[in-house]
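Trainee: This is the structure I have questions about; it appears just below.
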Amino acid sequence: MLAAALLAVAVAPAAGANTVPYLDPRVPVEKRVHDLLGRMTLEEKVGQMTQAERAAVTADPSQITTLALGSLLSGGGSTPADNTPTGWADMVDSFQSRALATRLHIPLLYGVDSVHGHGNLVGATIFPHNLAMGATRDPALVRDEEHITATETRATGPQWVFAPCVCVVRDDRWGRTYESFGEDPDLVVRMETAIDGFQGDDLSRPDRVLATAKHYAGDGDTSYGTSTSGTYTTDQGVTITDWRHFARVDLAPYVPAVRRHHVGTVMPSFSSVQFPGSAPVKMHANKQLLTDVLKQKIGFDGFLISDWEGIHQLPGDYPTQVRTAVNAGIDMFMEPNTAPQFVQTLLAEVRAGRVPVSRVDDAVSRILRAKFSLGLFEHPYTNRTNISTIGSPAHRAVARRAVAESQVLLKNTGRALPLKRDQRIYVAGVNANDLGNQAGGWTVTWQGQSGNGHFPGTTILAGIQSYAPHVTYSADASAPTSGYDVGVVVVGETPYAEGVGDVGNGHTLNLSAPDRANVTRVCSAIRTCVVLDVAGRPQIVTDLLSTMDAFVMSWLPGSEGTGVADVLFGRHPFTGRLPVSWPRAENQEPVNIGDRPYDPLFPYGYGLTR
């Protein structure tokens with residue numbers, strides 16, 4: 001580390017030193033980019049366009065230097081052996097030292113999926129997923145959430161997050177439904193304050209990160225049954241549409257993301273788009289949408305990063321896939337396990353004249369612009385100033401407030417809610433006492449995992465117990481139910497991510513048999529019965545709703561389950577409203593505001609206050 005620190009001093013001279021223009025922080029960014037680009041060989045340029053997974057270089061980190069890699073990432077669940085803030089910072093700095101050993105000392109950009117907090121890090125503040133944040137209708141809270149996420153992420157080394165998802169979910173059978181802010185593009189646009197929370201006004205600050213608007217475009221609008229990715233049904237499928245709908249729904253969030261919020265990077269979707277009279281085209285190959293629309297018409301001047309092995313789904317052999325994607329407008333390539341092959345292939349394509357050098361220069365210029373803006377040439381190593389704030393009480397307090405604001409009261413008869421502290425309360429359901437289930441996917445691992453002990457936090461049960469002294473818990477409702485004033489049944493889903501969670505891929509919108517049994521048993525035995533749904537999307541409760549006195553959608557609240565109890569006991573009022581329409585049956589999907597006819601169980605925007 002001492003050697004690395006000395007190298008940093010050598011690479012980042014003080015203003016006034018006799019340096020080449022690109023190393024002089026007084027020189028405007030565009031001139032620094034132009035100067036550095038003019039000094040680079042083709043091999044160095046192609047290296048900057050390449051992103052490898054940390055696990056692929058850990059055994060031989062010299063690849064970072066020999067390939068002149070521009071970026072590394074940690075995929076979901078890819079962590080250092082010491083999964084602590086210091087362990088992360090040490091790992092990223094170690095990799096950075098390899099990048100700084102290259103001829104031109106160009107620093108690495110390190111990316112992570114901080115989609116609801118720095119989720120890969122044990123001990124980070126885990127916020128509610130985006131769909132819950134959409135229910136808050138609170139853009140300022142979303143901005144504060146992502147500022148905290150940026151602070152906790154950059155303090156551990158990564159300077160770049162693959163968030164936010166500005167997708168517009170149009171079918172709740174999609175396994176990524178919870179990553180969307182909602183089904184209405186206007187709501188998604190309102191919540192793009194997330195980008196401001198991440199990036200702020202100065203990317204070089206130790207509490208800011210480069211953001212990514214994803215997945216461009218139409219990822220939440222694919223048709224059920226069109227996916228050709230393994231056993232997925234909806235994720236990575238085909239958006240069958242016309243230009244008017246595509247512009248109004250799917251493209252709409254990207255215009256303000258670029259023009260108003262100045263998002264630094266955009267990630268194309270795995271999905272395809274099919275317009276009338278044409279065949280489906282994968283977004284990773286769609287020059288019309290990536291270059292002509294996004295870069296030229298909308299004016300995006302950041303860089304495009306491919307999704308995980310996204311180009312591998314394109315037609316043709318590997319050289320054809322690389323050539324097609326580069327010429328379509330992708331600038332950096334997430335090739336987690338094939339970085340050396342990508343570098344050699346792109347070099348061959350350029351030398352053969354099938355990829356113009358001008359296209360490479362444009363891509364590299366965009367990447368370098370981001371690195372200069374982040375201040376990485378002056379401060380390539382992790383600024384650990386904020387490392388003590390990770391998972392702090394102050395940060396968790398914001399997450400707790402986010403949970404409270406996201407709760408949606410869908411039914412409340414006989415003044416079942418708020419609960420009273422002196423009531424004798426019977427709590428049932430696995431999801432009442434399972435941190436993993438209440439956090440969902442993208443938490444410590446890609447898919448997430450059920451159970452407690454994987455990361456610190458407070459369960460919903462613990463939150464209820466913090467308010468009321470007379471609480472009995474029975475996960476399967478097998479304990480006697482007599483003598484209680486109120487029953488609280490917590491139903492919901494277990495964790496999943498991406499297409500693994502698609503309905504029809506081992507998942508359903510219907511409640512599980514144990515959850516249905518718990519509702520039936522408790523609601524028939526205890527006079528007042530409250531049901532909470534802890535899930536990433538609406539579940540079918542139509543035939544059980546009449547047995548409930550109160551019904552609350554709690555979403556995936558993250559690490560701070562006490563926020564649910566805050567609303568149940570009246571400490572915080574119910575203010576949440578549905579960001580999606582709630583279907584009567586699974587086969588009613590897709591159902592969205594504006595449909596004709598439109599007859600969901602609960603309409604978009606619904607939410608009681610008492």
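Simple scheme: letters A, B, ... for chains in structure tokens order, numbers from 1 for residues in each chain, numbers from 1 for ligands in the order shown.
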Hey, which bits of range 390-415 of chain A sit within 7 Å of range 124-144 of chain A, and for each residue what's the closest pair of atoms and how far apart in Å (one decimal), counting only C-alpha atoms, rows by chain and increasing number, as a Markdown table?

Mentor:
```
| residue | atom | partner | partner_atom | distance |
| --- | --- | --- | --- | --- |
| A:Ile390 | CA | A:Ala124 | CA | 5.7 |
| A:Gly391 | CA | A:Thr125 | CA | 4.7 |
| A:His395 | CA | A:Thr125 | CA | 6.7 |
| A:Arg396 | CA | A:Thr125 | CA | 6.0 |
| A:Ala399 | CA | A:Phe127 | CA | 5.3 |
| A:Val403 | CA | A:Pro128 | CA | 6.4 |
| A:Glu405 | CA | A:Thr136 | CA | 5.2 |
| A:Ser406 | CA | A:Thr136 | CA | 4.6 |
```

Trainee: Any chance you could export the current selection's N, CA, C and O atoms as an mmCIF file, in the first residue's frame?

Mentor:
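Saved as result-v2.cif:
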```cif
data_model
loop_
_atom_site.group_PDB
_atom_site.id
_atom_site.type_symbol
_atom_site.label_atom_id
_atom_site.label_comp_id
_atom_site.auth_asym_id
_atom_site.auth_seq_id
_atom_site.Cartn_x
_atom_site.Cartn_y
_atom_site.Cartn_z
ATOM 1 N N ILE A 390 -20.907 4.009 7.105
ATOM 2 C CA ILE A 390 -21.591 2.880 6.465
ATOM 3 C C ILE A 390 -22.461 2.146 7.482
ATOM 4 O O ILE A 390 -21.983 1.709 8.531
ATOM 5 N N GLY A 391 -23.747 2.040 7.167
ATOM 6 C CA GLY A 391 -24.675 1.379 8.084
ATOM 7 C C GLY A 391 -24.886 2.126 9.383
ATOM 8 O O GLY A 391 -25.324 1.537 10.376
ATOM 9 N N HIS A 395 -27.897 6.873 8.701
ATOM 10 C CA HIS A 395 -28.271 6.314 7.408
ATOM 11 C C HIS A 395 -29.461 5.369 7.545
ATOM 12 O O HIS A 395 -30.394 5.387 6.724
ATOM 13 N N ARG A 396 -29.451 4.556 8.588
ATOM 14 C CA ARG A 396 -30.561 3.617 8.797
ATOM 15 C C ARG A 396 -31.858 4.352 9.134
ATOM 16 O O ARG A 396 -32.948 3.865 8.817
ATOM 17 N N ALA A 399 -33.431 5.112 5.884
ATOM 18 C CA ALA A 399 -34.016 3.892 5.329
ATOM 19 C C ALA A 399 -35.317 3.537 6.045
ATOM 20 O O ALA A 399 -36.296 3.115 5.420
ATOM 21 N N VAL A 403 -39.073 3.148 4.425
ATOM 22 C CA VAL A 403 -39.974 2.012 4.616
ATOM 23 C C VAL A 403 -41.358 2.510 5.029
ATOM 24 O O VAL A 403 -42.379 2.099 4.470
ATOM 25 N N GLU A 405 -42.790 5.440 4.620
ATOM 26 C CA GLU A 405 -43.477 6.187 3.571
ATOM 27 C C GLU A 405 -43.970 5.283 2.443
ATOM 28 O O GLU A 405 -44.882 5.647 1.702
ATOM 29 N N SER A 406 -43.362 4.101 2.304
ATOM 30 C CA SER A 406 -43.717 3.218 1.188
ATOM 31 C C SER A 406 -44.911 2.322 1.478
ATOM 32 O O SER A 406 -45.477 1.720 0.557
#
```

Trainee: Among the residues of range 344-426 of chain A, find those DSSP assigns to helix (DSSP H, G or I) from the backbone and print them as a ChimeraX atom specification.

Mentor: /A:344-351,357-373,387-389,393-406

Trainee: Would you save the residues of that selection, restricted to C-alpha atoms, as a PDB file, in the first residue's frame?

Mentor:
```pdb
ATOM      1  CA  GLN A 344      -7.951  -9.470 -29.344  1.00  0.00           C
ATOM      2  CA  THR A 345     -11.183  -9.674 -31.333  1.00  0.00           C
ATOM      3  CA  LEU A 346     -11.814  -5.942 -31.385  1.00  0.00           C
ATOM      4  CA  LEU A 347      -8.202  -5.244 -32.321  1.00  0.00           C
ATOM      5  CA  ALA A 348      -8.549  -7.606 -35.272  1.00  0.00           C
ATOM      6  CA  GLU A 349     -11.838  -6.009 -36.351  1.00  0.00           C
ATOM      7  CA  VAL A 350     -10.312  -2.519 -36.305  1.00  0.00           C
ATOM      8  CA  ARG A 351      -7.180  -3.612 -38.155  1.00  0.00           C
ATOM      9  CA  VAL A 357     -10.933   3.954 -35.668  1.00  0.00           C
ATOM     10  CA  SER A 358     -13.198   6.985 -35.341  1.00  0.00           C
ATOM     11  CA  ARG A 359     -15.795   4.827 -33.569  1.00  0.00           C
ATOM     12  CA  VAL A 360     -13.122   3.579 -31.141  1.00  0.00           C
ATOM     13  CA  ASP A 361     -11.915   7.127 -30.528  1.00  0.00           C
ATOM     14  CA  ASP A 362     -15.453   8.283 -29.790  1.00  0.00           C
ATOM     15  CA  ALA A 363     -15.989   5.441 -27.316  1.00  0.00           C
ATOM     16  CA  VAL A 364     -12.696   6.018 -25.518  1.00  0.00           C
ATOM     17  CA  SER A 365     -13.240   9.775 -25.370  1.00  0.00           C
ATOM     18  CA  ARG A 366     -16.549   9.204 -23.594  1.00  0.00           C
ATOM     19  CA  ILE A 367     -14.946   6.838 -21.088  1.00  0.00           C
ATOM     20  CA  LEU A 368     -12.020   9.145 -20.379  1.00  0.00           C
ATOM     21  CA  ARG A 369     -14.372  12.092 -19.895  1.00  0.00           C
ATOM     22  CA  ALA A 370     -16.065  10.192 -17.065  1.00  0.00           C
ATOM     23  CA  LYS A 371     -12.743   9.307 -15.432  1.00  0.00           C
ATOM     24  CA  PHE A 372     -11.560  12.911 -15.516  1.00  0.00           C
ATOM     25  CA  SER A 373     -14.881  14.128 -14.126  1.00  0.00           C
ATOM     26  CA  ILE A 387     -16.163   4.700   5.782  1.00  0.00           C
ATOM     27  CA  SER A 388     -17.395   5.090   9.368  1.00  0.00           C
ATOM     28  CA  THR A 389     -20.828   6.210   8.134  1.00  0.00           C
ATOM     29  CA  PRO A 393     -27.766   5.066  12.727  1.00  0.00           C
ATOM     30  CA  ALA A 394     -28.242   8.237  10.682  1.00  0.00           C
ATOM     31  CA  HIS A 395     -28.271   6.314   7.408  1.00  0.00           C
ATOM     32  CA  ARG A 396     -30.561   3.617   8.797  1.00  0.00           C
ATOM     33  CA  ALA A 397     -32.941   6.303  10.039  1.00  0.00           C
ATOM     34  CA  VAL A 398     -33.434   7.479   6.447  1.00  0.00           C
ATOM     35  CA  ALA A 399     -34.016   3.892   5.329  1.00  0.00           C
ATOM     36  CA  ARG A 400     -36.549   3.422   8.128  1.00  0.00           C
ATOM     37  CA  ARG A 401     -38.398   6.544   7.007  1.00  0.00           C
ATOM     38  CA  ALA A 402     -38.379   5.250   3.442  1.00  0.00           C
ATOM     39  CA  VAL A 403     -39.974   2.012   4.616  1.00  0.00           C
ATOM     40  CA  ALA A 404     -42.677   3.910   6.499  1.00  0.00           C
ATOM     41  CA  GLU A 405     -43.477   6.187   3.571  1.00  0.00           C
ATOM     42  CA  SER A 406     -43.717   3.218   1.188  1.00  0.00           C
TER      43      SER A 406
END
```

Trainee: Leaving out range 428-436 of chain A and any residue of its chain fewer than 4 positions from it, which residues lie within 9 Å of it when counting only C-alpha atoms, given as an MDAnalysis selection string?

Mentor: chainID A and resid 440:441 443 448:462 472:478 487:495 514:515 518:519 522 532:534 558:561

Trainee: Point out the residue among A:Arg170, A:Arg521, A:Arg259, A:His379 with the least atom-to-atom distance to Gly594 in chain A, counting only C-alpha atoms.

Mentor: A:Arg170

Trainee: If we count only C-alpha atoms, what is near Ala279 in chain A at a cut-off of 12 Å, once residues fewer than 5 positions away on the same chain are taken out, given as a PyMOL selection string?

Mentor: chain A and resi 238-241+272-274+286

Trainee: May I have the residues from that selection written out with all heavy atoms, as a compact mmCIF listing (two decimals), in the first residue's frame?

Mentor:
```
# COMPACT_ATOMS: atom_id res chain seq x y z
N VAL A 238 -39.13 -9.71 -25.91
CA VAL A 238 -39.30 -8.78 -27.03
C VAL A 238 -40.37 -7.74 -26.68
O VAL A 238 -41.48 -8.10 -26.27
CB VAL A 238 -39.71 -9.53 -28.31
CG1 VAL A 238 -39.86 -8.55 -29.48
CG2 VAL A 238 -38.70 -10.62 -28.65
N THR A 239 -40.03 -6.48 -26.85
CA THR A 239 -41.00 -5.40 -26.72
C THR A 239 -41.66 -5.21 -28.08
O THR A 239 -41.05 -4.66 -29.01
CB THR A 239 -40.31 -4.09 -26.27
OG1 THR A 239 -39.62 -4.32 -25.05
CG2 THR A 239 -41.32 -2.98 -26.09
N ILE A 240 -42.88 -5.71 -28.19
CA ILE A 240 -43.63 -5.63 -29.45
C ILE A 240 -44.47 -4.36 -29.38
O ILE A 240 -45.40 -4.24 -28.59
CB ILE A 240 -44.50 -6.88 -29.64
CG1 ILE A 240 -43.63 -8.15 -29.62
CG2 ILE A 240 -45.28 -6.80 -30.95
CD1 ILE A 240 -44.41 -9.44 -29.58
N THR A 241 -44.15 -3.39 -30.21
CA THR A 241 -44.69 -2.06 -29.99
C THR A 241 -44.75 -1.27 -31.29
O THR A 241 -44.39 -1.76 -32.37
CB THR A 241 -43.81 -1.32 -28.94
OG1 THR A 241 -44.39 -0.08 -28.59
CG2 THR A 241 -42.39 -1.09 -29.46
N SER A 272 -35.20 -7.22 -26.82
CA SER A 272 -35.29 -6.78 -28.21
C SER A 272 -36.49 -5.87 -28.36
O SER A 272 -37.39 -5.85 -27.52
CB SER A 272 -35.46 -7.99 -29.13
OG SER A 272 -34.44 -8.96 -28.94
N VAL A 273 -36.50 -5.12 -29.46
CA VAL A 273 -37.67 -4.31 -29.79
C VAL A 273 -38.12 -4.69 -31.19
O VAL A 273 -37.29 -4.92 -32.09
CB VAL A 273 -37.37 -2.80 -29.67
CG1 VAL A 273 -36.30 -2.38 -30.67
CG2 VAL A 273 -38.64 -1.98 -29.85
N GLN A 274 -39.43 -4.78 -31.37
CA GLN A 274 -39.99 -5.12 -32.67
C GLN A 274 -41.07 -4.11 -33.03
O GLN A 274 -42.09 -4.01 -32.36
CB GLN A 274 -40.59 -6.53 -32.66
CG GLN A 274 -41.16 -6.95 -34.00
CD GLN A 274 -41.68 -8.37 -34.01
OE1 GLN A 274 -41.84 -8.99 -32.95
NE2 GLN A 274 -41.95 -8.91 -35.20
N ASN A 286 -28.78 -2.40 -31.76
CA ASN A 286 -29.72 -1.47 -32.38
C ASN A 286 -29.09 -0.09 -32.56
O ASN A 286 -29.23 0.80 -31.72
CB ASN A 286 -30.99 -1.37 -31.53
CG ASN A 286 -32.17 -0.84 -32.33
OD1 ASN A 286 -32.03 0.10 -33.09
ND2 ASN A 286 -33.32 -1.48 -32.15
```

Trainee: Within range 99-193 of chain A, find each residue whose DSSP state, derived from the backbone, is strand (DSSP E), and express the selection as a list in words.

Mentor: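 In range 99-193 of chain A, DSSP puts these residues in strand (DSSP E): Leu109, Tyr110, Gly111, Val112, Trp160 and Val161 of chain A.
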
Trainee: With C-alpha atoms kept, could you save the residues just selected as a PDB file, in the first residue's frame?

Mentor:
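Saved the output as part-v2.pdb:
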```pdb
ATOM      1  CA  LEU A 109     -13.277   2.614 -13.107  1.00  0.00           C
ATOM      2  CA  TYR A 110     -14.863   0.069 -10.704  1.00  0.00           C
ATOM      3  CA  GLY A 111     -18.580  -0.690 -10.963  1.00  0.00           C
ATOM      4  CA  VAL A 112     -21.102  -2.418  -8.672  1.00  0.00           C
ATOM      5  CA  TRP A 160     -19.647   3.696 -10.387  1.00  0.00           C
ATOM      6  CA  VAL A 161     -23.061   2.107  -9.794  1.00  0.00           C
TER       7      VAL A 161
END
```

Trainee: Quick one: residues within 12 Å of range 281-284 of chain A, only C-alpha atoms counted, chain neighbours fewer than 4 positions away excluded, as a ChimeraX atom specification?

Mentor: /A:214-219,227-228,236-240,266-275,288-291,294,304-315,321-334

Trainee: Nearest to Phe162 in chain A among A:Gln199, A:Asp207, A:Trp555, A:Thr212, with distances taken over only C-alpha atoms: which residue is it?

Mentor: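 Using only C-alpha atoms, Phe162 in chain A sits closest to A:Thr212.
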
Trainee: Need to verify the contact set: Gly501 in chain A, 9 Å, only C-alpha atoms, exclusion of same-chain residues closer than 6 positions in sequence. Can you return it as a list in words?

Mentor: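 Everything that qualifies: Arg173, Trp174, Gly175, Arg176, Tyr232, Asp235, Pro495, His507 and Thr508 of chain A.
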
Trainee: Kindly save the residues from that selection, with C-alpha atoms included, as a PDB file, in the first residue's frame.

Mentor:
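Okay, this is what ended up in again-v5.pdb:
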```pdb
ATOM      1  CA  ARG A 173     -45.104 -11.133 -14.098  1.00  0.00           C
ATOM      2  CA  TRP A 174     -41.647  -9.766 -14.912  1.00  0.00           C
ATOM      3  CA  GLY A 175     -38.989 -10.924 -12.455  1.00  0.00           C
ATOM      4  CA  ARG A 176     -37.524  -7.419 -12.274  1.00  0.00           C
ATOM      5  CA  TYR A 232     -37.240 -17.080 -18.611  1.00  0.00           C
ATOM      6  CA  ASP A 235     -37.169 -10.958 -18.864  1.00  0.00           C
ATOM      7  CA  PRO A 495     -35.945 -13.697  -2.906  1.00  0.00           C
ATOM      8  CA  HIS A 507     -42.851 -18.414  -9.706  1.00  0.00           C
ATOM      9  CA  THR A 508     -46.443 -17.219  -9.546  1.00  0.00           C
TER      10      THR A 508
END
```

Trainee: Just want the 8 Å neighbourhood of Ala89 in chain A, counted on only C-alpha atoms, with same-chain residues fewer than 4 positions away dropped. Output as a list in words.

Mentor: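 Result of the neighbour search: Pro85, Asp93, Ala155, Thr156, Gly157, Thr382 and Arg384 of chain A.
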
Trainee: What is the distance between CA of Asp566 in chain A and CA of Leu601 in chain A, in Å to one decimal?

Mentor: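 That distance, rounded to one decimal, is 26.4 Å.
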
Trainee: For CA of Val444 in chain A and CA of Leu121 in chain A, quote the distance in Å rounded to one decimal.

Mentor: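 Going from CA of Val444 in chain A over to CA of Leu121 in chain A covers 6.2 Å.
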
Trainee: CA of Thr149 in chain A and CA of Cys167 in chain A are how many Å apart?

Mentor: 19.6 Å
